[in-house]
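*Asks:* Quick one: the structure is below, questions incoming.
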Amino acid sequence: MAKTKTGHLHATRNDLGANVREISVGVLNATLADTMDLNHAVRMAHWTVRGPHFAALHTLFETFYNQLDEVTDDIAERVIQIGGTPDGTTQLVAAKSRLEAYPADLRDGIDHVKALTARYAALAKTVRAGIDTTDEAGDADTADLLTGLSRTLDKALWMLEAHLD
Ligand SMILES: [Fe+2]
């Protein structure tokens with residue numbers, strides 16, 4: 001069989017065209033790496049935060065990484081459903097994440113809030129672009145999945161920024 005640019009997708013009875021699925025797999029895998037990276041940044045904040053707002057931030061960060069856990073699973077499973085392979089190993093996430101590396105030495109609650117604010121805002125921006133890309137390609141389901149993630153990120157960003165006034 002002739003090798004095509006979509007040759008790395010596995011066979012599926014899903015009726016989306018291979019070119020559409022290839023676009024969505026690209027967007028989803030990029031989002032997966034960023035989301036898994038952010039998940040670990042939030043966990044790091046949950047573990048290391050200190051200061052007078054410890055209890056509230058420790059709990060808030062746990063809520064955030066639980067949200068990211070759930071959506072990460074949905075993203076990776078969508079990749080496999082449409083014929084791709086999730087870029088889900090630690091090594092791939094580290095190589096592919098577009099987020100700035102999270103500092104390991106942060107302790108102060110507001111420093112964590114600022115560092116997470118920057119990363120939530122960055123991811124929210126690329127996810128919003130991914131909604132348009134997958135919608136225009138004709139994959140309404142991936143666009144919908146990303147729209148749900150976008151709402152989650154926007155809400156978390158609000159909660160983080162509310163600490164910074
Ligand atoms: Fe914990």
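In the structure tokens, chains take the letters A, B, ... in the order shown, each chain's residues start at 1, and ligands count up from 1 in the order shown.
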Pull the closest atom pair for each residue of chain A that gets at most 9 Å from ligand 1, along with the distance in Å to one decimal, counting only C-alpha atoms and all ligand atoms, ordering rows by chain and then ascending residue number, as a Markdown table.

*Replies:*
| residue | atom | partner | partner_atom_place_in_ligand_line | distance |
| --- | --- | --- | --- | --- |
| A:Arg43 | CA | ligand 1 | 1 (Fe) | 8.0 |
| A:His46 | CA | ligand 1 | 1 (Fe) | 6.7 |
| A:Trp47 | CA | ligand 1 | 1 (Fe) | 6.8 |
| A:His58 | CA | ligand 1 | 1 (Fe) | 7.7 |
| A:Thr59 | CA | ligand 1 | 1 (Fe) | 8.1 |
| A:Glu62 | CA | ligand 1 | 1 (Fe) | 6.6 |

*Asks:* Give me the range 52-149 of chain A side of the contact with range 24-32 of chain A, cut-off 7 Å, one line per residue showing its nearest atom pair and distance in Å at one decimal, counting only C-alpha atoms, sorted by chain and residue number, as a tab-separated table.

*Replies:*
residue	atom	partner	partner_atom	distance
A:Thr72	CA	A:Leu32	CA	6.2
A:Ile75	CA	A:Leu28	CA	6.2
A:Ala76	CA	A:Leu32	CA	6.8
A:Val79	CA	A:Val25	CA	5.5
A:Gly84	CA	A:Val25	CA	6.0
A:Pro86	CA	A:Asn29	CA	6.1
A:Asp87	CA	A:Asn29	CA	5.8
A:Val127	CA	A:Thr31	CA	7.0
A:Gly130	CA	A:Val27	CA	6.0
A:Thr134	CA	A:Ser24	CA	5.8
A:Thr142	CA	A:Ser24	CA	6.9

*Asks:* Please write the residues from the selection above to a file, keeping all heavy atoms, as a PDB file, in the first residue's frame.

*Replies:*
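Final output, again.pdb:
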ATOM      1  N   THR A  72      -7.000  15.182  31.183  1.00  0.00           N
ATOM      2  CA  THR A  72      -5.863  14.509  30.544  1.00  0.00           C
ATOM      3  C   THR A  72      -6.286  13.138  30.023  1.00  0.00           C
ATOM      4  O   THR A  72      -5.943  12.744  28.906  1.00  0.00           O
ATOM      5  CB  THR A  72      -4.713  14.356  31.573  1.00  0.00           C
ATOM      6  OG1 THR A  72      -4.243  15.644  31.913  1.00  0.00           O
ATOM      7  CG2 THR A  72      -3.574  13.535  31.018  1.00  0.00           C
ATOM      8  N   ILE A  75      -8.445  13.572  26.931  1.00  0.00           N
ATOM      9  CA  ILE A  75      -7.660  13.972  25.753  1.00  0.00           C
ATOM     10  C   ILE A  75      -6.925  12.758  25.176  1.00  0.00           C
ATOM     11  O   ILE A  75      -6.971  12.498  23.974  1.00  0.00           O
ATOM     12  CB  ILE A  75      -6.647  15.078  26.122  1.00  0.00           C
ATOM     13  CG1 ILE A  75      -7.381  16.373  26.488  1.00  0.00           C
ATOM     14  CG2 ILE A  75      -5.673  15.327  24.979  1.00  0.00           C
ATOM     15  CD1 ILE A  75      -6.480  17.402  27.167  1.00  0.00           C
ATOM     16  N   ALA A  76      -6.234  12.013  26.050  1.00  0.00           N
ATOM     17  CA  ALA A  76      -5.456  10.859  25.577  1.00  0.00           C
ATOM     18  C   ALA A  76      -6.371   9.803  24.949  1.00  0.00           C
ATOM     19  O   ALA A  76      -6.029   9.198  23.927  1.00  0.00           O
ATOM     20  CB  ALA A  76      -4.672  10.259  26.734  1.00  0.00           C
ATOM     21  N   VAL A  79      -7.385  10.818  21.486  1.00  0.00           N
ATOM     22  CA  VAL A  79      -6.294  10.554  20.536  1.00  0.00           C
ATOM     23  C   VAL A  79      -6.383   9.120  20.020  1.00  0.00           C
ATOM     24  O   VAL A  79      -6.325   8.863  18.812  1.00  0.00           O
ATOM     25  CB  VAL A  79      -4.911  10.809  21.197  1.00  0.00           C
ATOM     26  CG1 VAL A  79      -3.780  10.282  20.316  1.00  0.00           C
ATOM     27  CG2 VAL A  79      -4.705  12.291  21.473  1.00  0.00           C
ATOM     28  N   GLY A  84      -4.805   7.832  16.671  1.00  0.00           N
ATOM     29  CA  GLY A  84      -3.463   8.262  17.040  1.00  0.00           C
ATOM     30  C   GLY A  84      -2.899   7.496  18.214  1.00  0.00           C
ATOM     31  O   GLY A  84      -3.510   6.552  18.716  1.00  0.00           O
ATOM     32  N   PRO A  86      -1.221   8.454  22.024  1.00  0.00           N
ATOM     33  CA  PRO A  86      -0.969   9.579  22.932  1.00  0.00           C
ATOM     34  C   PRO A  86       0.518   9.760  23.212  1.00  0.00           C
ATOM     35  O   PRO A  86       1.233   8.784  23.420  1.00  0.00           O
ATOM     36  CB  PRO A  86      -1.701   9.170  24.220  1.00  0.00           C
ATOM     37  CG  PRO A  86      -2.596   8.033  23.856  1.00  0.00           C
ATOM     38  CD  PRO A  86      -1.988   7.371  22.661  1.00  0.00           C
ATOM     39  N   ASP A  87       0.953  11.012  23.195  1.00  0.00           N
ATOM     40  CA  ASP A  87       2.330  11.344  23.608  1.00  0.00           C
ATOM     41  C   ASP A  87       2.332  11.458  25.128  1.00  0.00           C
ATOM     42  O   ASP A  87       2.502  12.543  25.685  1.00  0.00           O
ATOM     43  CB  ASP A  87       2.776  12.671  22.973  1.00  0.00           C
ATOM     44  CG  ASP A  87       3.054  12.512  21.479  1.00  0.00           C
ATOM     45  OD1 ASP A  87       3.288  11.378  21.029  1.00  0.00           O
ATOM     46  OD2 ASP A  87       3.035  13.541  20.768  1.00  0.00           O
ATOM     47  N   VAL A 127      -5.110  26.392  23.897  1.00  0.00           N
ATOM     48  CA  VAL A 127      -6.316  25.558  23.804  1.00  0.00           C
ATOM     49  C   VAL A 127      -7.396  26.282  23.005  1.00  0.00           C
ATOM     50  O   VAL A 127      -8.083  25.681  22.174  1.00  0.00           O
ATOM     51  CB  VAL A 127      -6.818  25.159  25.208  1.00  0.00           C
ATOM     52  CG1 VAL A 127      -8.222  24.557  25.154  1.00  0.00           C
ATOM     53  CG2 VAL A 127      -5.852  24.163  25.845  1.00  0.00           C
ATOM     54  N   GLY A 130      -6.645  25.855  19.555  1.00  0.00           N
ATOM     55  CA  GLY A 130      -6.928  24.465  19.167  1.00  0.00           C
ATOM     56  C   GLY A 130      -8.409  24.220  18.915  1.00  0.00           C
ATOM     57  O   GLY A 130      -8.771  23.402  18.057  1.00  0.00           O
ATOM     58  N   THR A 134      -9.510  22.677  15.262  1.00  0.00           N
ATOM     59  CA  THR A 134     -10.222  21.406  15.114  1.00  0.00           C
ATOM     60  C   THR A 134     -11.656  21.618  14.628  1.00  0.00           C
ATOM     61  O   THR A 134     -12.191  20.791  13.881  1.00  0.00           O
ATOM     62  CB  THR A 134     -10.215  20.609  16.441  1.00  0.00           C
ATOM     63  OG1 THR A 134     -10.717  21.437  17.499  1.00  0.00           O
ATOM     64  CG2 THR A 134      -8.801  20.169  16.789  1.00  0.00           C
ATOM     65  N   THR A 142     -13.772  16.930  19.042  1.00  0.00           N
ATOM     66  CA  THR A 142     -12.506  17.389  19.640  1.00  0.00           C
ATOM     67  C   THR A 142     -12.613  18.862  20.032  1.00  0.00           C
ATOM     68  O   THR A 142     -12.157  19.261  21.115  1.00  0.00           O
ATOM     69  CB  THR A 142     -11.329  17.152  18.676  1.00  0.00           C
ATOM     70  OG1 THR A 142     -11.142  15.742  18.521  1.00  0.00           O
ATOM     71  CG2 THR A 142     -10.046  17.765  19.201  1.00  0.00           C
TER      72      THR A 142
END

*Asks:* Compile the contact shell of Gly83 in chain A as a PDB file with N, CA, C and O atoms, in the first residue's frame: residues with an atom at most 10 Å away, counting only C-alpha atoms, same-chain residues fewer than 4 positions apart removed.

*Replies:*
ATOM      1  N   THR A   6      -0.775  10.281   6.246  1.00  0.00           N
ATOM      2  CA  THR A   6      -1.566   9.866   7.407  1.00  0.00           C
ATOM      3  C   THR A   6      -1.278   8.417   7.767  1.00  0.00           C
ATOM      4  O   THR A   6      -2.019   7.801   8.518  1.00  0.00           O
ATOM      5  N   HIS A   8       0.626   6.968   9.741  1.00  0.00           N
ATOM      6  CA  HIS A   8       0.893   6.577  11.117  1.00  0.00           C
ATOM      7  C   HIS A   8      -0.385   6.440  11.941  1.00  0.00           C
ATOM      8  O   HIS A   8      -0.326   5.992  13.074  1.00  0.00           O
ATOM      9  N   LEU A   9      -1.511   6.823  11.371  1.00  0.00           N
ATOM     10  CA  LEU A   9      -2.780   6.622  12.095  1.00  0.00           C
ATOM     11  C   LEU A   9      -3.196   5.161  11.972  1.00  0.00           C
ATOM     12  O   LEU A   9      -3.040   4.556  10.922  1.00  0.00           O
ATOM     13  N   HIS A  10      -3.730   4.609  13.057  1.00  0.00           N
ATOM     14  CA  HIS A  10      -4.210   3.236  12.948  1.00  0.00           C
ATOM     15  C   HIS A  10      -5.642   3.201  12.419  1.00  0.00           C
ATOM     16  O   HIS A  10      -6.362   4.203  12.465  1.00  0.00           O
ATOM     17  N   ALA A  11      -6.005   2.049  11.894  1.00  0.00           N
ATOM     18  CA  ALA A  11      -7.307   1.908  11.243  1.00  0.00           C
ATOM     19  C   ALA A  11      -8.435   2.031  12.260  1.00  0.00           C
ATOM     20  O   ALA A  11      -8.314   1.589  13.406  1.00  0.00           O
ATOM     21  N   THR A  12      -9.509   2.648  11.839  1.00  0.00           N
ATOM     22  CA  THR A  12     -10.701   2.782  12.683  1.00  0.00           C
ATOM     23  C   THR A  12     -11.906   2.947  11.770  1.00  0.00           C
ATOM     24  O   THR A  12     -11.779   3.459  10.654  1.00  0.00           O
ATOM     25  N   ARG A  13     -13.069   2.529  12.290  1.00  0.00           N
ATOM     26  CA  ARG A  13     -14.306   2.755  11.529  1.00  0.00           C
ATOM     27  C   ARG A  13     -14.858   4.151  11.770  1.00  0.00           C
ATOM     28  O   ARG A  13     -15.897   4.514  11.213  1.00  0.00           O
ATOM     29  N   ASN A  14     -14.199   4.935  12.620  1.00  0.00           N
ATOM     30  CA  ASN A  14     -14.598   6.340  12.809  1.00  0.00           C
ATOM     31  C   ASN A  14     -14.645   7.024  11.439  1.00  0.00           C
ATOM     32  O   ASN A  14     -13.701   6.897  10.647  1.00  0.00           O
ATOM     33  N   ALA A  18      -9.153  10.906   7.333  1.00  0.00           N
ATOM     34  CA  ALA A  18      -7.819  10.740   7.911  1.00  0.00           C
ATOM     35  C   ALA A  18      -7.122  12.089   8.073  1.00  0.00           C
ATOM     36  O   ALA A  18      -6.401  12.322   9.055  1.00  0.00           O
ATOM     37  N   ARG A  21      -8.529  13.680  11.154  1.00  0.00           N
ATOM     38  CA  ARG A  21      -8.047  13.001  12.362  1.00  0.00           C
ATOM     39  C   ARG A  21      -6.587  13.334  12.632  1.00  0.00           C
ATOM     40  O   ARG A  21      -6.175  13.473  13.785  1.00  0.00           O
ATOM     41  N   GLU A  22      -5.818  13.483  11.568  1.00  0.00           N
ATOM     42  CA  GLU A  22      -4.406  13.822  11.749  1.00  0.00           C
ATOM     43  C   GLU A  22      -4.253  15.219  12.377  1.00  0.00           C
ATOM     44  O   GLU A  22      -3.425  15.416  13.270  1.00  0.00           O
ATOM     45  N   VAL A  25      -5.283  14.869  16.072  1.00  0.00           N
ATOM     46  CA  VAL A  25      -4.275  14.165  16.867  1.00  0.00           C
ATOM     47  C   VAL A  25      -3.119  15.117  17.191  1.00  0.00           C
ATOM     48  O   VAL A  25      -2.615  15.131  18.324  1.00  0.00           O
ATOM     49  N   ARG A  78      -9.252  10.366  23.505  1.00  0.00           N
ATOM     50  CA  ARG A  78      -9.721  10.876  22.200  1.00  0.00           C
ATOM     51  C   ARG A  78      -8.655  10.634  21.128  1.00  0.00           C
ATOM     52  O   ARG A  78      -8.986  10.286  19.992  1.00  0.00           O
ATOM     53  N   VAL A  79      -7.385  10.818  21.486  1.00  0.00           N
ATOM     54  CA  VAL A  79      -6.294  10.554  20.536  1.00  0.00           C
ATOM     55  C   VAL A  79      -6.383   9.120  20.020  1.00  0.00           C
ATOM     56  O   VAL A  79      -6.325   8.863  18.812  1.00  0.00           O
TER      57      VAL A  79
END

*Asks:* Find the residues around Leu164 in chain A up to 10 Å (only C-alpha atoms counted), leave out those fewer than 2 positions away in its own chain, and share them as a list of chain:residue names.

*Replies:*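 Returned residues: A:Ile110, A:Asp111, A:Val113, A:Lys114, A:Thr117, A:Met159, A:Leu160, A:Glu161, A:Ala162.
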
*Asks:* List every residue of chain A that DSSP, applied to the backbone of this structure, places in alpha helix (DSSP H), and write the result as an MDAnalysis selection string.

*Replies:* chainID A and resid 18:48 54:81 90:96 109:137 140:161

*Asks:* Need to verify the contact set: Thr152 in chain A, 10 Å, only C-alpha atoms, exclusion of same-chain residues closer than 3 positions in sequence. Can you return it as a VMD selection string?

*Replies:* chain A and resid 64 67 to 68 71 120 124 146 to 149 155 to 157

*Asks:* Restricting the calculation to only C-alpha atoms, which member of A:Ala121, A:Ala55, A:Leu38, A:Ala137 is positioned closest to Asn19 in chain A?

*Replies:*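 With only C-alpha atoms as the atom set, the closest residue is A:Ala137.
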
*Asks:* So which residues touch Leu106 in chain A within 8 Å, counting only C-alpha atoms, skipping near sequence neighbours fewer than 2 positions away, as a PyMOL selection string?

*Replies:* chain A and resi 45+48-49+103-104+108+111-112

*Asks:* Between A:Ala41, A:Leu16, A:Asp73, A:Leu60, which has the minimum distance to Ala115 in chain A (counting only C-alpha atoms)?

*Replies:*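 Once distances to Ala115 in chain A are computed over only C-alpha atoms, the minimum belongs to A:Ala41.
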
*Asks:* Go through A:Asp165, A:Thr133, A:Ala95, A:Lys125 and flag the residue nearest Arg151 in chain A, using only C-alpha atoms for the distances.

*Replies:* A:Lys125

*Asks:* Provide the CA of Asp34 in chain A to CA of Ser97 in chain A distance in Å, to one decimal place.

*Replies:*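 The value is 4.7 Å.
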
*Asks:* One decimal, in Å: what's the spacing between CA of Glu77 in chain A and CA of Val42 in chain A?

*Replies:*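 About the pair CA of Glu77 in chain A and CA of Val42 in chain A: they are 22.2 Å apart.
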